[in-house]
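Structure file model-v9.csv with CSV, C-alpha atoms:
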```csv
chain,number,residue,atom,x,y,z
A,15,MET,CA,-4.1,21.0,-21.1
A,16,VAL,CA,-1.5,21.9,-18.4
A,17,GLN,CA,-4.3,22.2,-15.8
A,18,TYR,CA,-5.7,18.8,-16.9
A,19,ILE,CA,-2.3,17.1,-16.5
A,20,SER,CA,-1.8,18.7,-13.2
A,21,ASP,CA,-5.2,17.7,-11.8
A,22,SER,CA,-4.7,14.2,-13.2
A,23,PHE,CA,-1.3,13.9,-11.4
A,24,ILE,CA,-2.8,15.2,-8.1
A,25,CYS,CA,-5.6,12.6,-8.4
A,26,TYR,CA,-3.1,9.9,-9.2
A,27,PHE,CA,-0.8,10.8,-6.2
A,28,TYR,CA,-3.7,11.0,-3.8
A,29,TRP,CA,-5.1,7.6,-5.0
A,30,ILE,CA,-1.8,5.8,-4.9
A,31,SER,CA,-0.9,7.1,-1.4
A,32,HIS,CA,-4.2,6.0,0.0
A,33,CYS,CA,-4.2,2.5,-1.7
A,34,HIS,CA,-1.0,1.1,-0.3
A,35,GLY,CA,0.9,1.7,-3.5
A,36,ARG,CA,-1.6,0.0,-5.7
A,37,MET,CA,-3.5,1.5,-8.7
A,38,TYR,CA,-6.8,-0.3,-7.9
A,39,VAL,CA,-8.6,-1.7,-4.8
A,40,GLY,CA,-11.1,-4.4,-5.4
A,41,ASP,CA,-13.2,-3.4,-8.4
A,42,THR,CA,-12.4,0.3,-8.0
A,43,PHE,CA,-10.0,2.1,-10.3
A,44,PRO,CA,-8.9,5.8,-10.1
A,45,PRO,CA,-11.1,8.2,-12.1
A,46,SER,CA,-8.0,9.6,-13.8
A,47,PHE,CA,-4.3,9.2,-13.6
A,48,THR,CA,-1.1,10.1,-15.3
A,49,VAL,CA,1.6,7.6,-16.3
A,50,PRO,CA,5.0,9.3,-15.8
A,51,LEU,CA,7.1,7.9,-18.7
A,52,SER,CA,10.8,8.6,-19.1
A,53,MET,CA,12.7,7.7,-22.3
A,54,LYS,CA,15.4,5.2,-21.6
A,55,SER,CA,16.6,4.7,-25.2
A,56,THR,CA,15.7,5.1,-28.9
A,57,LEU,CA,15.4,1.8,-30.7
A,58,ARG,CA,16.8,0.9,-34.1
A,59,TYR,CA,13.2,0.4,-35.3
A,60,GLY,CA,9.8,-0.9,-34.0
A,61,GLU,CA,8.1,-4.2,-34.7
A,62,ASN,CA,9.2,-3.8,-38.3
A,63,PRO,CA,12.1,-1.9,-39.9
A,64,HIS,CA,9.9,0.8,-41.4
A,65,GLN,CA,8.5,1.8,-37.9
A,66,LYS,CA,10.4,4.2,-35.7
A,67,ALA,CA,10.4,3.3,-32.0
A,68,ALA,CA,11.7,4.2,-28.5
A,69,PHE,CA,11.7,2.5,-25.1
A,70,TYR,CA,10.3,4.3,-22.0
A,71,GLY,CA,10.5,3.5,-18.3
A,72,ASP,CA,7.5,3.8,-16.1
A,73,ARG,CA,8.2,5.9,-13.1
A,74,SER,CA,4.9,5.4,-11.3
A,75,LEU,CA,5.0,5.1,-7.6
A,76,SER,CA,3.2,1.7,-7.8
A,77,LEU,CA,6.2,0.3,-9.8
A,78,VAL,CA,9.0,1.3,-7.4
A,79,ASN,CA,11.1,-1.8,-6.8
A,80,ALA,CA,8.5,-3.8,-8.8
A,81,GLY,CA,11.1,-5.6,-10.9
A,82,GLY,CA,10.6,-6.8,-14.5
A,83,ILE,CA,12.3,-6.5,-17.8
A,84,ALA,CA,12.1,-2.7,-17.9
A,85,THR,CA,14.6,-2.4,-15.0
A,86,ALA,CA,16.8,-5.4,-16.0
A,87,VAL,CA,20.5,-4.9,-16.3
A,88,GLN,CA,22.1,-5.9,-19.6
A,89,HIS,CA,25.5,-7.4,-19.1
A,90,HIS,CA,26.4,-8.2,-22.7
A,91,GLY,CA,25.3,-8.2,-26.3
A,92,LYS,CA,23.6,-6.1,-28.9
A,93,GLU,CA,21.2,-3.3,-28.0
A,94,MET,CA,17.7,-4.5,-27.2
A,95,SER,CA,15.1,-4.2,-30.0
A,96,TYR,CA,11.4,-3.5,-29.8
A,97,ASN,CA,10.6,-7.2,-30.3
A,98,ASN,CA,13.4,-8.2,-27.9
A,99,TYR,CA,11.6,-6.3,-25.1
A,100,LEU,CA,8.3,-8.0,-25.8
A,101,ASP,CA,9.8,-11.5,-26.0
A,102,ALA,CA,12.0,-11.1,-22.9
A,103,ASP,CA,9.0,-9.8,-20.9
A,104,ALA,CA,6.9,-12.8,-21.9
A,105,ALA,CA,9.7,-15.2,-21.0
A,106,TRP,CA,10.5,-13.5,-17.7
A,107,ASN,CA,6.8,-13.3,-16.6
A,108,CYS,CA,6.3,-17.0,-17.4
A,109,VAL,CA,9.5,-18.3,-15.6
A,110,SER,CA,8.8,-16.1,-12.6
A,111,GLU,CA,5.6,-18.1,-12.0
A,112,PHE,CA,7.5,-21.2,-10.9
A,113,GLU,CA,9.1,-21.9,-7.6
A,114,ASN,CA,11.2,-25.0,-8.5
A,115,PRO,CA,14.2,-24.5,-10.8
A,116,THR,CA,12.7,-23.8,-14.2
A,117,CYS,CA,13.7,-23.0,-17.8
A,118,VAL,CA,11.3,-21.3,-20.2
A,119,VAL,CA,12.0,-20.9,-23.9
A,120,VAL,CA,9.9,-18.2,-25.7
A,121,LYS,CA,9.4,-17.4,-29.4
A,122,HIS,CA,7.2,-14.5,-30.5
A,123,THR,CA,6.0,-14.1,-26.9
A,124,ASN,CA,4.7,-17.7,-26.7
A,125,PRO,CA,6.4,-20.2,-24.4
A,126,CYS,CA,7.4,-23.1,-26.7
A,127,GLY,CA,9.3,-25.0,-24.0
A,128,VAL,CA,8.9,-25.1,-20.2
A,129,ALA,CA,10.4,-27.6,-17.8
A,130,SER,CA,11.0,-27.7,-14.0
A,131,ARG,CA,13.6,-29.9,-12.4
A,132,GLN,CA,15.8,-29.9,-9.3
A,133,ASP,CA,18.7,-30.2,-11.8
A,134,VAL,CA,18.3,-27.0,-13.8
A,135,LEU,CA,20.6,-28.3,-16.6
A,136,GLU,CA,18.1,-31.1,-17.2
A,137,ALA,CA,15.3,-28.5,-17.1
A,138,TYR,CA,17.1,-26.5,-19.8
A,139,ARG,CA,17.6,-29.6,-22.1
A,140,LEU,CA,13.9,-30.6,-21.7
A,141,ALA,CA,12.6,-27.1,-22.4
A,142,VAL,CA,14.6,-26.9,-25.7
A,143,LYS,CA,13.6,-30.5,-26.6
A,144,ALA,CA,9.9,-29.6,-26.4
A,145,ASP,CA,10.2,-27.7,-29.7
A,146,PRO,CA,13.8,-27.3,-30.8
A,147,VAL,CA,12.9,-25.7,-34.2
A,148,SER,CA,11.0,-22.9,-32.5
A,149,ALA,CA,13.6,-22.6,-29.7
A,150,PHE,CA,16.3,-21.7,-32.3
A,151,GLY,CA,16.6,-17.9,-32.3
A,152,GLY,CA,14.4,-17.6,-29.2
A,153,ILE,CA,14.7,-16.3,-25.7
A,154,VAL,CA,15.8,-18.5,-22.8
A,155,ALA,CA,14.8,-17.6,-19.2
A,156,PHE,CA,15.7,-19.2,-15.9
A,157,ASN,CA,14.4,-18.5,-12.4
A,158,THR,CA,17.8,-19.6,-10.8
A,159,THR,CA,21.3,-18.1,-10.9
A,160,ILE,CA,23.3,-19.2,-13.9
A,161,ASP,CA,26.6,-20.7,-12.8
A,162,GLU,CA,29.5,-22.0,-14.8
A,163,ASP,CA,28.1,-25.4,-15.5
A,164,LEU,CA,24.7,-24.1,-16.8
A,165,ALA,CA,26.5,-21.4,-18.8
A,166,LYS,CA,28.6,-24.1,-20.5
A,167,GLU,CA,25.5,-26.1,-21.3
A,168,ILE,CA,23.8,-23.1,-22.9
A,169,ARG,CA,26.9,-22.2,-24.8
A,170,GLU,CA,27.6,-25.7,-26.2
A,171,PHE,CA,24.2,-27.4,-26.4
A,172,ARG,CA,23.4,-28.9,-29.8
A,173,SER,CA,19.9,-28.9,-31.3
A,174,PRO,CA,18.0,-32.1,-30.6
A,175,THR,CA,16.9,-32.1,-34.3
A,176,ASP,CA,20.3,-33.1,-35.7
A,177,GLY,CA,22.7,-33.3,-32.7
A,178,GLU,CA,25.1,-31.0,-34.5
A,179,THR,CA,23.8,-27.5,-34.8
A,180,ARG,CA,24.7,-25.3,-31.9
A,181,MET,CA,21.6,-23.6,-30.5
A,182,PHE,CA,21.3,-19.9,-31.1
A,183,TYR,CA,19.4,-17.5,-28.9
A,184,GLU,CA,18.6,-13.8,-29.0
A,185,ILE,CA,18.5,-13.4,-25.2
A,186,VAL,CA,19.3,-15.1,-21.9
A,187,VAL,CA,17.6,-13.7,-18.8
A,188,ALA,CA,18.0,-14.8,-15.2
A,189,PRO,CA,17.9,-13.4,-11.7
A,190,GLY,CA,21.6,-13.6,-11.3
A,191,TYR,CA,25.0,-14.9,-12.6
A,192,THR,CA,28.1,-16.2,-11.0
A,193,GLU,CA,31.2,-14.4,-12.1
A,194,LYS,CA,32.5,-17.5,-14.0
A,195,GLY,CA,29.0,-18.2,-15.4
A,196,LEU,CA,28.8,-14.7,-16.9
A,197,GLU,CA,32.2,-15.0,-18.3
A,198,VAL,CA,31.5,-18.3,-20.0
A,199,LEU,CA,28.1,-17.2,-21.3
A,200,LYS,CA,29.6,-14.0,-22.9
A,201,GLY,CA,31.8,-16.4,-24.9
A,202,LYS,CA,28.8,-17.9,-26.7
A,203,SER,CA,28.3,-14.9,-29.0
A,204,LYS,CA,29.2,-11.2,-29.2
A,205,THR,CA,25.5,-10.4,-30.0
A,206,LEU,CA,23.9,-12.6,-27.3
A,207,ARG,CA,21.9,-10.2,-25.0
A,208,ILE,CA,22.4,-11.3,-21.3
A,209,LEU,CA,19.9,-9.8,-18.9
A,210,GLU,CA,19.7,-9.8,-15.2
A,211,ALA,CA,16.2,-9.1,-13.9
A,212,LYS,CA,14.3,-9.0,-10.6
A,213,ARG,CA,11.1,-11.0,-10.2
A,214,SER,CA,8.1,-9.0,-11.5
A,215,GLY,CA,5.7,-7.7,-8.8
A,216,LYS,CA,2.2,-8.9,-8.2
A,217,ASN,CA,-1.1,-7.1,-8.3
A,218,MET,CA,0.1,-4.7,-11.0
A,219,LEU,CA,-2.1,-2.6,-13.2
A,220,SER,CA,-1.9,-3.7,-16.8
A,221,LEU,CA,-2.5,-1.1,-19.5
A,222,ARG,CA,-3.1,-1.7,-23.2
A,223,GLN,CA,-3.7,0.9,-25.9
A,224,VAL,CA,-6.6,0.9,-28.3
A,225,SER,CA,-7.4,3.6,-30.9
A,226,GLY,CA,-8.3,6.7,-28.9
A,227,GLY,CA,-8.0,5.2,-25.4
A,228,TRP,CA,-6.6,2.7,-23.0
A,229,LEU,CA,-7.8,-0.5,-21.3
A,230,ALA,CA,-6.8,-1.1,-17.7
A,231,GLN,CA,-7.0,-4.4,-15.8
A,232,GLN,CA,-5.4,-6.1,-12.9
A,233,SER,CA,-2.6,-8.6,-13.8
A,234,ASP,CA,-3.5,-12.3,-14.1
A,235,ASP,CA,-1.6,-13.5,-11.0
A,236,LEU,CA,-3.6,-16.6,-10.1
A,237,ALA,CA,-1.5,-19.6,-9.3
A,238,PRO,CA,-2.7,-23.3,-9.0
A,239,GLU,CA,-2.7,-22.9,-5.3
A,240,ASP,CA,-5.3,-20.1,-5.6
A,241,ILE,CA,-8.0,-22.2,-7.3
A,242,THR,CA,-9.8,-25.5,-6.9
A,243,PHE,CA,-9.5,-28.2,-9.4
A,244,THR,CA,-12.9,-29.9,-9.3
A,245,THR,CA,-13.3,-33.4,-10.7
A,246,GLY,CA,-16.2,-33.6,-13.1
A,247,SER,CA,-15.6,-37.1,-14.5
A,248,GLU,CA,-16.2,-40.5,-13.0
A,249,ARG,CA,-12.5,-41.1,-12.8
A,250,ALA,CA,-10.6,-38.8,-10.5
A,251,PRO,CA,-7.0,-38.0,-11.4
A,252,THR,CA,-4.1,-39.6,-9.6
A,253,ASP,CA,-1.8,-37.4,-7.6
A,254,SER,CA,0.7,-37.3,-10.5
A,255,GLU,CA,-2.0,-36.5,-13.0
A,256,LEU,CA,-3.3,-33.7,-10.9
A,257,SER,CA,0.3,-32.3,-10.6
A,258,ASP,CA,0.6,-32.5,-14.4
A,259,ALA,CA,-2.7,-30.7,-14.9
A,260,LYS,CA,-1.6,-27.9,-12.5
A,261,PHE,CA,1.7,-27.5,-14.4
A,262,ALA,CA,-0.1,-27.4,-17.8
A,263,TRP,CA,-2.6,-24.9,-16.4
A,264,LEU,CA,0.2,-22.6,-15.2
A,265,CYS,CA,1.9,-22.8,-18.7
A,266,VAL,CA,-1.3,-22.3,-20.7
A,267,LYS,CA,-2.0,-18.9,-19.1
A,268,HIS,CA,1.1,-17.5,-20.9
A,269,VAL,CA,0.1,-18.9,-24.3
A,270,LYS,CA,-1.8,-16.8,-26.8
A,271,SER,CA,-5.4,-17.8,-27.2
A,272,ASN,CA,-6.8,-20.1,-28.4
A,273,ALA,CA,-4.3,-22.0,-26.2
A,274,ILE,CA,-3.7,-25.7,-25.5
A,275,VAL,CA,-0.8,-27.1,-23.5
A,276,ILE,CA,0.1,-30.8,-23.1
A,277,ALA,CA,2.4,-31.6,-20.2
A,278,LYS,CA,3.8,-34.4,-18.1
A,279,ASP,CA,6.3,-34.7,-15.2
A,280,ASN,CA,6.7,-30.9,-14.9
A,281,CYS,CA,7.6,-30.6,-18.6
A,282,MET,CA,5.7,-29.0,-21.5
A,283,LEU,CA,5.4,-31.6,-24.3
A,284,GLY,CA,3.6,-29.5,-26.8
A,285,MET,CA,1.4,-26.4,-27.2
A,286,GLY,CA,-0.9,-24.9,-29.7
A,287,SER,CA,-1.4,-21.1,-29.8
A,288,GLY,CA,-3.1,-18.3,-31.5
A,289,GLN,CA,-5.5,-20.3,-33.6
A,290,PRO,CA,-9.0,-18.9,-34.3
A,291,ASN,CA,-10.5,-22.2,-33.2
A,292,ARG,CA,-9.6,-24.5,-30.4
A,293,VAL,CA,-9.5,-27.7,-32.5
A,294,ASP,CA,-6.6,-26.4,-34.6
A,295,SER,CA,-4.6,-25.4,-31.4
A,296,LEU,CA,-5.2,-28.9,-30.0
A,297,ARG,CA,-4.0,-30.6,-33.1
A,298,ILE,CA,-0.8,-28.5,-33.2
A,299,ALA,CA,-0.1,-29.3,-29.5
A,300,PHE,CA,-0.6,-33.1,-30.2
A,301,ARG,CA,1.7,-32.9,-33.3
A,302,LYS,CA,4.4,-31.4,-31.2
A,303,ALA,CA,4.0,-33.8,-28.3
A,304,GLY,CA,3.9,-36.9,-30.4
A,305,GLU,CA,3.6,-40.3,-28.6
A,306,ALA,CA,4.7,-38.7,-25.3
A,307,ALA,CA,1.1,-37.2,-25.1
A,308,LYS,CA,-0.3,-40.6,-24.1
A,309,GLY,CA,-1.2,-40.4,-20.4
A,310,ALA,CA,-0.3,-36.7,-20.1
A,311,ALA,CA,-2.4,-33.8,-19.0
A,312,LEU,CA,-4.0,-31.2,-21.3
A,313,ALA,CA,-4.9,-27.7,-20.2
A,314,SER,CA,-7.1,-25.4,-22.2
A,315,ASP,CA,-7.2,-21.6,-21.6
A,316,ALA,CA,-11.0,-21.6,-22.1
A,317,PHE,CA,-13.9,-24.0,-22.1
A,318,PHE,CA,-14.6,-26.4,-25.0
A,319,PRO,CA,-17.8,-25.3,-26.9
A,320,PHE,CA,-18.2,-28.9,-28.2
A,321,ALA,CA,-17.0,-32.3,-27.2
A,322,TRP,CA,-18.2,-35.1,-29.4
A,323,LYS,CA,-16.3,-35.3,-32.8
A,324,ASP,CA,-14.5,-32.2,-31.6
A,325,ALA,CA,-11.6,-31.2,-29.4
A,326,VAL,CA,-12.5,-33.2,-26.3
A,327,GLU,CA,-13.1,-36.5,-28.1
A,328,GLU,CA,-10.0,-36.0,-30.3
A,329,ALA,CA,-7.9,-35.5,-27.1
A,330,CYS,CA,-9.3,-38.6,-25.6
A,331,GLU,CA,-8.7,-40.6,-28.8
A,332,ASN,CA,-5.1,-39.5,-28.8
A,333,GLY,CA,-4.6,-41.0,-25.4
A,334,ILE,CA,-4.6,-38.0,-23.1
A,335,GLY,CA,-5.0,-38.9,-19.4
A,336,THR,CA,-6.3,-35.8,-17.8
A,337,ILE,CA,-8.0,-32.6,-19.2
A,338,ALA,CA,-8.2,-29.3,-17.2
A,339,GLN,CA,-10.5,-26.6,-18.5
A,340,PRO,CA,-12.5,-23.7,-16.9
A,341,GLY,CA,-15.9,-25.1,-17.7
A,342,GLY,CA,-18.9,-22.8,-18.2
A,343,SER,CA,-20.1,-24.1,-21.6
A,344,MET,CA,-23.7,-25.0,-22.1
A,345,ARG,CA,-22.3,-28.4,-23.3
A,346,ASP,CA,-20.1,-29.1,-20.3
A,347,LYS,CA,-22.1,-32.3,-19.7
A,348,ASP,CA,-21.0,-33.5,-23.2
A,349,ALA,CA,-17.4,-33.1,-22.2
A,350,VAL,CA,-18.0,-35.1,-19.0
A,351,ASP,CA,-19.8,-37.9,-20.8
A,352,CYS,CA,-17.1,-38.0,-23.5
A,353,CYS,CA,-14.3,-38.3,-20.9
A,354,ASN,CA,-16.3,-40.9,-19.0
A,355,LYS,CA,-16.6,-43.0,-22.2
A,356,TYR,CA,-12.8,-43.0,-22.7
A,357,GLY,CA,-11.8,-43.2,-19.0
A,358,VAL,CA,-10.2,-39.8,-19.0
A,359,SER,CA,-10.3,-37.6,-15.9
A,360,LEU,CA,-11.8,-34.2,-16.4
A,361,LEU,CA,-11.0,-31.2,-14.1
A,362,PHE,CA,-12.9,-27.9,-14.0
A,363,THR,CA,-10.9,-24.9,-12.8
A,364,GLY,CA,-13.5,-22.2,-12.9
A,365,VAL,CA,-10.8,-19.8,-14.2
A,366,ARG,CA,-10.4,-18.7,-17.8
A,367,HIS,CA,-7.0,-17.6,-19.1
A,368,PHE,CA,-7.6,-15.7,-22.3
A,369,ARG,CA,-4.5,-14.0,-23.7
A,370,HIS,CA,-4.9,-11.6,-26.6
```

Starting from the file, give its structure as structure tokens.
Amino acid sequence: MVQYISDSFICYFYWISHCHGRMYVGDTFPPSFTVPLSMKSTLRYGENPHQKAAFYGDRSLSLVNAGGIATAVQHHGKEMSYNNYLDADAAWNCVSEFENPTCVVVKHTNPCGVASRQDVLEAYRLAVKADPVSAFGGIVAFNTTIDEDLAKEIREFRSPTDGETRMFYEIVVAPGYTEKGLEVLKGKSKTLRILEAKRSGKNMLSLRQVSGGWLAQQSDDLAPEDITFTTGSERAPTDSELSDAKFAWLCVKHVKSNAIVIAKDNCMLGMGSGQPNRVDSLRIAFRKAGEAAKGAALASDAFFPFAWKDAVEEACENGIGTIAQPGGSMRDKDAVDCCNKYGVSLLFTGVRHFRH
């Protein structure tokens, strides 16, 4: 056993030193490697109270200065829990995708509100408004420094559902805080966890455990600028519709499959996640978006297996303006014909975004 670990570490060190700090090159992965884990803390419990748990930091050479939630600084609040780490990681990974000032609200690892605005206070309000019921007790992430004005807004903001209930959050995470901003935010709650994190690195190796083994894959780092949105319908999207589609597409990659996101004007209006069939996810997204969905863009994480009397036609009947999907179904032509019938622009991305 000692010899195996030693050989594996030597193999890992040789591989990483000859691959410019990366764990994979192209389609090639190391034949074996060791993940050097160091315990950072024991946790009160795991995903549920009857499960014991601990948190480990990854000291791999490829992760030096890589950023992310594991290396975040906690300025305030209760100790982090197992679920806190998962939710904070999901929120931080999502908000880090955006270049413009953005707020992301996450509940159970799903982004339930996303908005980008030059005025980050407005972005925060819109992100919460997307689904205020889910946002309550969630995680709020920003990709900009939190100053005094934003901190006051977070501290005092009332739920859009009744205009009275002060919003409660488990965690706020941002790349930085002004001295006054941090002081104000600490006054919101003794338990509010305030994290300062560095943007997560790209081209990371993603590991996931299955019984008796591990799955390894490269991280899903594709951005809208990396792909081509090809018009498949007779009507091409306007510039604003294309912008909406790209925003929805960037959001949907962070939603659990089957995933549907409806967005307009750089703001998520509704999303449906984790349903075994795409139609149910679509209906949930439309229920959350309401009348605002008319003329908006819809993004799907995978192709639509059916169109007529199914998800595509239902989206068209609900007044959606643009649909973005990977394509690749044997019935893609049905989706094109359906969109043509309703005058909806249909975009094929050629990129699937399954998230399990």

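The spacing separating atom CA of Gln132 of chain A from atom CA of Val154 of chain A amounts to 17.7 Å.
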
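Take the candidates A:Glu210, A:Asp176, A:Glu113, A:Glu331 and check each one against Phe261 of chain A using all atoms listed in the file; the shortest distance goes to A:Glu113.
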
Requested in this report: Tell me, as a list in words, which residues lie within 7 Å of Cys117 of chain A, counting only C-alpha atoms; anything in the same chain fewer than 6 positions away does not count.
Outcome: Val109, Val128, Ala129, Ser130, Ala137, Tyr138, Ala141, Ala155 and Phe156 of chain A

Query raised in the report: Could you name the residues that touch Thr56 of chain A at 8 Å or less, counting only C-alpha atoms, but leaving out those on the same chain fewer than 3 positions away, as a list of chain:residue names?
Result: A:Met53, A:Ala67, A:Ala68, A:Phe69

Query raised in the report: In Å to one decimal, how far is atom CA of Ala306 of chain A from atom CA of Thr175 of chain A?
Result: 16.5 Å

Pick out the residues sitting within 8 Å of Ala165 of chain A, and hand them over as an mmCIF file with C-alpha atoms, keeping the file's coordinate frame; count only C-alpha atoms, and ignore anything fewer than 2 positions along from it in its own chain.
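Okay, this is what ended up in selection_27.cif:
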```cif
data_model
loop_
_atom_site.group_PDB
_atom_site.id
_atom_site.type_symbol
_atom_site.label_atom_id
_atom_site.label_comp_id
_atom_site.auth_asym_id
_atom_site.auth_seq_id
_atom_site.Cartn_x
_atom_site.Cartn_y
_atom_site.Cartn_z
ATOM 1 C CA ILE A 160 23.300 -19.200 -13.900
ATOM 2 C CA ASP A 161 26.600 -20.700 -12.800
ATOM 3 C CA GLU A 162 29.500 -22.000 -14.800
ATOM 4 C CA ASP A 163 28.100 -25.400 -15.500
ATOM 5 C CA GLU A 167 25.500 -26.100 -21.300
ATOM 6 C CA ILE A 168 23.800 -23.100 -22.900
ATOM 7 C CA ARG A 169 26.900 -22.200 -24.800
ATOM 8 C CA GLY A 195 29.000 -18.200 -15.400
ATOM 9 C CA LEU A 196 28.800 -14.700 -16.900
ATOM 10 C CA VAL A 198 31.500 -18.300 -20.000
ATOM 11 C CA LEU A 199 28.100 -17.200 -21.300
#
```

Who sits within 12 Å of Leu256 of chain A, all atoms listed in the file, same chain under 3 positions skipped, as a tab-separated table (two decimals) with C-alpha atoms, in the frame of the given file:
```
chain	number	residue	atom	x	y	z
A	238	PRO	CA	-2.70	-23.30	-9.00
A	242	THR	CA	-9.80	-25.50	-6.90
A	243	PHE	CA	-9.50	-28.20	-9.40
A	244	THR	CA	-12.90	-29.90	-9.30
A	245	THR	CA	-13.30	-33.40	-10.70
A	249	ARG	CA	-12.50	-41.10	-12.80
A	250	ALA	CA	-10.60	-38.80	-10.50
A	251	PRO	CA	-7.00	-38.00	-11.40
A	252	THR	CA	-4.10	-39.60	-9.60
A	253	ASP	CA	-1.80	-37.40	-7.60
A	259	ALA	CA	-2.70	-30.70	-14.90
A	260	LYS	CA	-1.60	-27.90	-12.50
A	261	PHE	CA	1.70	-27.50	-14.40
A	262	ALA	CA	-0.10	-27.40	-17.80
A	263	TRP	CA	-2.60	-24.90	-16.40
A	277	ALA	CA	2.40	-31.60	-20.20
A	278	LYS	CA	3.80	-34.40	-18.10
A	279	ASP	CA	6.30	-34.70	-15.20
A	280	ASN	CA	6.70	-30.90	-14.90
A	309	GLY	CA	-1.20	-40.40	-20.40
A	310	ALA	CA	-0.30	-36.70	-20.10
A	311	ALA	CA	-2.40	-33.80	-19.00
A	312	LEU	CA	-4.00	-31.20	-21.30
A	313	ALA	CA	-4.90	-27.70	-20.20
A	335	GLY	CA	-5.00	-38.90	-19.40
A	336	THR	CA	-6.30	-35.80	-17.80
A	337	ILE	CA	-8.00	-32.60	-19.20
A	338	ALA	CA	-8.20	-29.30	-17.20
A	359	SER	CA	-10.30	-37.60	-15.90
A	360	LEU	CA	-11.80	-34.20	-16.40
A	361	LEU	CA	-11.00	-31.20	-14.10
A	362	PHE	CA	-12.90	-27.90	-14.00
A	363	THR	CA	-10.90	-24.90	-12.80
```

Query raised in the report: If we count all atoms listed in the file, what is near Pro125 of chain A at a cut-off of 8 Å, once residues fewer than 3 positions away on the same chain are taken out, given as a PyMOL selection string?
Result: chain A and resi 104-105+108+118-121+128+265+268-269
